[in-house]
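A.B. asks: Got a structure for you, questions after.
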Amino acid sequence: MALRHPFETSYGKMQDKEFLVIEVVDRDGISGWGESVAFTAPWYTEETVKTTEHMLYDFLIPLLGQAPILHPDDLIERFSVVKRNNMAKASIEGAIWDVFAKKQGISLASALGGVKQSIDVGVSIGIQKSIDDLLEVISQKLAEGYKRIKIKIKPGYDINVVHQVRQAYPDVPLMVDANSAYTLEDTEHLKQLDAYHLMMIEQPLAHDDMIQHAKLQREIKTPICLDESITSFDDARNAIALGSCKVINIKPGRVGGLSQALRIHHLCKEKDIPVWCGGMLEAGIGRAQLIALTSLEQFLLPGDTSGSSHYWEKDIIKPEVMVKDGCIQVPDGLGIGYKIDFDALDQFTISENIFTL
Ligand code: OSB
Ligand code: MG
């Protein structure tokens with residue numbers, strides 16, 4: 001699917017999103033839908049669309065047939081024989097959560113333990129060609145009602161950019177995401193961000209710099225939020241214990257699925273760490289899962305789950321995800337609560353495979 005606007009981060013630029021749509025049908029004929037989130041190239045994590053296919057076809061799908069699945073949480077143990085590959089695991093686990101909710105006659109949000117009927121959302125704005133372009137996009141997104149603005153930064157496009165955004169919008173809830181573009185040697189440089197009362201800085205250092213993030217957090221006032229660094233419950237526990245962050249961005253794909261996302265959510269609630277739901281430029285099926293997850297109570301800050309039209313000319317669900325006054329209504333229909341738009345899905349589908357267990 002072609003993005004309406006290319007999305008640029010400190011790692012590079014994306015124009016299209018290639019992904020797998022997974023339908024799981026159980027023996028009673030109940031069908032659930034999932035969407036994979038790894039990108040075509042391994043810049044955000046080591047996974048790609050092709051590694052996702054390899055893991056699913058050669059390892060994960062065969063594991064599903066080993067024994068009955070009574071609850072999606074069973075997959076944590078079942079899939080543990082495959083190291084990491086969290087996005088591949090999450091892609092099919094999400095579809096199984098949808099089947100599970102539908103079998104119980106409830107929404108995915110209820111099945112996950114959600115409590116909110118409406119969620120607050122923000123928007124993540126990629127690196128723009130000029131400050132004027134950035135200010136223009138921000139003004140459009142604020143007019144659409146988004147509750148917080150996240151801008152991507154990288155060396156050479158950071159303090160100056162934040163300075164100008166703050167001059168134009170002194171009070172807008174604002175945060176920055178560095179996607180690992182800095183090192184501890186940039187501490188003095190990053191300290192300058194403290195002057196702009198940012199909600200947080202997301203993932204300033206490398207994905208495996210847990211100790212360095214703790215050092216940086218002791219030096220800067222701006223709260224650090226970890227994204228790439230949190231790939232598991234243990235990562236979250238370690239980051240909190242070390243003081244590597246004050247906020248956590250939860251993405252089910254990055255942590256191996258919705259069951260793992262729930263464990264991290266519960267831990268953060270117990271430890272009083274606010275969480276919010278990140279995104280991977282999902283189409284409608286993945287986006288519906290994020291909406292359901294965000295309905296849980298510790299999702300205290302607006303997430304990156306913007307409306308379908310922020311990303312796509314046409315989404316693959318009906319109705320599309322709509323944002324009104326910065327909120328998305330959590331659907332109360334069965335499972336993910338949106339219908340698949342099969343005409344749209346057909347139009348974007350390159351190939352299909354069927355597996356029978
Ligand atoms: O770092 O949160 C990120 C998009 C792709 C990969 C990584 C990230 C992002 C975003 C946008 O910031 C999230 C979205 O709008 O889905
Ligand atoms: Mg991020």
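Residues are referred to by chain and number: the chain letter is A, B, ... according to the order shown in the structure tokens, the number counts from 1 in that chain, and ligands are numbered separately from 1 in the order shown.
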Taking only range 67-113 of chain A into account, list the residues labelled alpha helix (DSSP H) by DSSP (computed from the backbone), as a list in words.

C.D. replies: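 The alpha helix (DSSP H) residues within range 67-113 of chain A come out as Asp74, Leu75, Ile76, Glu77, Arg78, Asn86, Met87, Ala88, Lys89, Ala90, Ser91, Ile92, Glu93, Gly94, Ala95, Ile96, Trp97, Asp98, Val99, Phe100, Ala101, Lys102, Lys103, Gln104, Leu108, Ala109, Ser110, Ala111 and Leu112 of chain A.
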
A.B. asks: Could you list the protein, DNA and RNA residues that have any atom within 8 Å of ligand 1, counting only C-alpha atoms and all ligand atoms, and write them as a short mmCIF file (atom, residue, chain, number, x, y, z; two decimals) with N, CA and C atoms, in the first residue's frame?

C.D. replies:
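Saved result, part_14.cif, follows:
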```cif
data_model
loop_
_atom_site.label_atom_id
_atom_site.label_comp_id
_atom_site.auth_asym_id
_atom_site.auth_seq_id
_atom_site.Cartn_x
_atom_site.Cartn_y
_atom_site.Cartn_z
N PHE A 7 7.18 8.71 4.71
CA PHE A 7 7.44 8.89 6.13
C PHE A 7 8.94 8.80 6.37
N THR A 9 12.30 9.12 8.90
CA THR A 9 12.83 9.11 10.27
C THR A 9 14.34 9.25 10.16
N TYR A 44 14.27 -0.71 11.52
CA TYR A 44 13.68 -0.42 12.83
C TYR A 44 14.00 -1.56 13.80
N VAL A 123 -0.35 12.34 16.82
CA VAL A 123 0.12 12.06 15.48
C VAL A 123 1.64 12.15 15.47
N SER A 124 2.27 11.26 14.68
CA SER A 124 3.72 11.25 14.54
C SER A 124 4.08 11.81 13.17
N ILE A 125 4.80 12.90 13.17
CA ILE A 125 5.11 13.59 11.90
C ILE A 125 6.57 13.33 11.53
N GLY A 126 6.77 12.79 10.34
CA GLY A 126 8.12 12.48 9.87
C GLY A 126 8.94 13.74 9.62
N LYS A 150 4.00 14.60 17.74
CA LYS A 150 5.35 14.02 17.89
C LYS A 150 6.12 14.35 16.63
N LYS A 152 9.82 13.82 14.53
CA LYS A 152 11.03 13.02 14.45
C LYS A 152 12.21 13.97 14.42
N ASP A 177 10.97 12.16 18.77
CA ASP A 177 11.40 10.76 18.64
C ASP A 177 12.69 10.74 17.82
N ALA A 178 13.77 10.23 18.42
CA ALA A 178 15.08 10.25 17.75
C ALA A 178 15.39 8.93 17.03
N ASN A 179 14.58 7.90 17.25
CA ASN A 179 14.89 6.59 16.65
C ASN A 179 16.38 6.26 16.72
N GLU A 202 11.68 10.29 22.84
CA GLU A 202 11.57 8.85 22.60
C GLU A 202 12.86 8.32 22.00
N GLN A 203 13.33 7.24 22.57
CA GLN A 203 14.48 6.45 22.07
C GLN A 203 15.63 7.30 21.53
N ASP A 227 11.25 2.97 23.14
CA ASP A 227 10.51 2.28 22.08
C ASP A 227 11.32 1.05 21.68
N GLU A 228 12.29 1.21 20.77
CA GLU A 228 13.09 0.09 20.26
C GLU A 228 13.71 -0.78 21.37
N GLY A 278 2.33 2.85 20.56
CA GLY A 278 3.06 3.29 19.37
C GLY A 278 2.43 2.69 18.12
N GLY A 279 2.99 3.03 16.99
CA GLY A 279 2.46 2.51 15.73
C GLY A 279 3.56 2.10 14.79
N MET A 280 3.19 1.36 13.76
CA MET A 280 4.11 0.90 12.72
C MET A 280 3.50 1.18 11.36
N LEU A 281 2.80 2.32 11.24
CA LEU A 281 2.15 2.68 9.99
C LEU A 281 1.21 1.56 9.54
N GLU A 282 0.42 1.07 10.48
CA GLU A 282 -0.47 -0.06 10.21
C GLU A 282 -1.61 0.32 9.27
N ASP A 304 0.21 7.06 19.00
CA ASP A 304 0.47 7.40 17.60
C ASP A 304 -0.61 6.85 16.67
N THR A 305 -1.70 6.31 17.22
CA THR A 305 -2.73 5.67 16.40
C THR A 305 -3.62 6.72 15.74
N SER A 306 -3.16 7.27 14.63
CA SER A 306 -3.92 8.30 13.93
C SER A 306 -5.00 7.65 13.05
N TYR A 311 -2.74 8.10 6.78
CA TYR A 311 -1.78 7.23 6.11
C TYR A 311 -2.18 6.86 4.67
#
```

A.B. asks: Can you tell me, as a ChimeraX atom specification, what residues are no more than 10 Å from Gly303 in chain A when counting only C-alpha atoms, ignoring any on the same chain fewer than 2 positions away?

C.D. replies: /A:119-124,147-150,249-250,275-279,290-291,294,299-301,305-306

A.B. asks: Considering only C-alpha atoms, return as a ChimeraX atom specification whatever protein or nucleic-acid residues lie within 9 Å of Met200 in chain A, sequence-local ones (same chain, fewer than 6 positions apart) excluded.

C.D. replies: /A:174-177,222-225,246-247

A.B. asks: For the atom pair CA of Glu188 in chain A and CA of Asp208 in chain A, what is the interatomic distance in Å to one decimal place?

C.D. replies: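 Spanning CA of Glu188 in chain A to CA of Asp208 in chain A is a straight-line distance of 21.0 Å.
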
A.B. asks: So that I can check the surroundings of His189 in chain A, please list as a VMD selection string every protein, DNA and RNA residue that reaches within 10 Å of it, counting only C-alpha atoms and ignoring chain neighbours fewer than 5 positions away.

C.D. replies: chain A and resid 155 158 to 159 182 184

A.B. asks: Would you mind telling me which residue in A:Glu77, A:Gln289, A:Thr45, A:Leu193 lies nearest to ligand 2 when using only C-alpha atoms and all ligand atoms?

C.D. replies: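 With only C-alpha atoms and all ligand atoms as the atom set, the closest residue is A:Thr45.
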
A.B. asks: Please identify which residues in range 15-211 of chain A DSSP calls strand (DSSP E) from the backbone, and express them as a ChimeraX atom specification.

C.D. replies: /A:15-16,21-25,31-35,118-120,123-125,149-152,174-177,201-202

A.B. asks: Using only C-alpha atoms, pick whichever of A:Thr183, A:Ser139, A:Ser31, A:Ser80 has the shortest atom-to-atom distance to Phe100 in chain A.

C.D. replies: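 Of A:Thr183, A:Ser139, A:Ser31, A:Ser80, the one nearest Phe100 in chain A is A:Ser31, counting only C-alpha atoms.
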
A.B. asks: For ligand 2, which residue out of A:Ile153, A:Ala214, A:Leu334, A:Val137 is the nearest one, using only C-alpha atoms and all ligand atoms?

C.D. replies: A:Ile153

A.B. asks: Please list as a PyMOL selection string every residue within 12 Å of Gly284 in chain A, counting only C-alpha atoms and excluding residues in the same chain fewer than 6 positions away.

C.D. replies: chain A and resi 1+19+21+33-37+290-291+305-312+314-322+336-341+344-345

A.B. asks: Just to confirm, what's the straight-line distance from CA of Val161 in chain A to CA of Lys221 in chain A in Å (one decimal)?

C.D. replies: 19.0 Å

A.B. asks: Given only C-alpha atoms as the basis, pick out the residue of A:Ser351, A:Gln117, A:Ser110, A:Gln140 nearest to Asp98 in chain A.

C.D. replies: A:Ser110

A.B. asks: Rank nothing, just name the residue among A:His197, A:Leu258, A:Glu46, A:Gly65 nearest to Lys89 in chain A, using only C-alpha atoms.

C.D. replies: A:Leu258

A.B. asks: Of the residues A:Pro173, A:Pro274, A:Pro204, A:Pro68, which is the one nearest to ligand 2, using only C-alpha atoms and all ligand atoms?

C.D. replies: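 Answer, going by the shortest atom-to-atom distance: A:Pro204.
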
A.B. asks: Near Ala101 in chain A, within 9 Å and counting only C-alpha atoms, which residues show up once chain neighbours fewer than 5 positions away are dropped, as a ChimeraX atom specification?

C.D. replies: /A:32,96,106-112,334-336

A.B. asks: Can those selected residues be exported to a file as a tab-separated table (two decimals), in the first residue's frame so that it contains N, CA, C and O atoms?

C.D. replies:
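Just written: result.tsv:
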```
chain	number	residue	atom	x	y	z
A	32	GLY	N	-10.60	-14.94	12.34
A	32	GLY	CA	-9.97	-13.77	12.97
A	32	GLY	C	-8.89	-13.23	12.06
A	32	GLY	O	-8.33	-13.98	11.24
A	96	ILE	N	-5.40	-14.68	16.25
A	96	ILE	CA	-5.96	-15.66	17.20
A	96	ILE	C	-6.71	-14.94	18.34
A	96	ILE	O	-7.77	-15.40	18.78
A	106	ILE	N	-17.61	-11.16	22.29
A	106	ILE	CA	-17.26	-9.82	22.82
A	106	ILE	C	-16.26	-9.12	21.90
A	106	ILE	O	-15.72	-9.72	20.97
A	107	SER	N	-16.02	-7.85	22.20
A	107	SER	CA	-15.04	-7.10	21.41
A	107	SER	C	-13.63	-7.49	21.83
A	107	SER	O	-13.42	-7.97	22.96
A	108	LEU	N	-12.67	-7.22	20.95
A	108	LEU	CA	-11.28	-7.47	21.31
A	108	LEU	C	-10.89	-6.60	22.51
A	108	LEU	O	-10.19	-7.05	23.41
A	109	ALA	N	-11.38	-5.34	22.52
A	109	ALA	CA	-11.07	-4.45	23.65
A	109	ALA	C	-11.51	-5.09	24.96
A	109	ALA	O	-10.74	-5.13	25.93
A	110	SER	N	-12.73	-5.64	25.01
A	110	SER	CA	-13.21	-6.30	26.24
A	110	SER	C	-12.37	-7.53	26.56
A	110	SER	O	-12.03	-7.78	27.71
A	111	ALA	N	-12.05	-8.32	25.52
A	111	ALA	CA	-11.27	-9.54	25.76
A	111	ALA	C	-9.92	-9.21	26.38
A	111	ALA	O	-9.39	-9.95	27.19
A	112	LEU	N	-9.36	-8.05	25.99
A	112	LEU	CA	-8.04	-7.66	26.51
A	112	LEU	C	-8.13	-7.03	27.90
A	112	LEU	O	-7.11	-6.83	28.56
A	334	LEU	N	-18.06	-7.36	17.60
A	334	LEU	CA	-17.26	-8.55	17.89
A	334	LEU	C	-15.81	-8.41	17.41
A	334	LEU	O	-15.57	-7.85	16.35
A	335	GLY	N	-14.89	-8.94	18.19
A	335	GLY	CA	-13.48	-8.99	17.78
A	335	GLY	C	-12.92	-7.60	17.53
A	335	GLY	O	-13.16	-6.68	18.32
A	336	ILE	N	-12.19	-7.44	16.43
A	336	ILE	CA	-11.57	-6.14	16.15
A	336	ILE	C	-12.61	-5.05	15.90
A	336	ILE	O	-12.30	-3.86	15.95
```
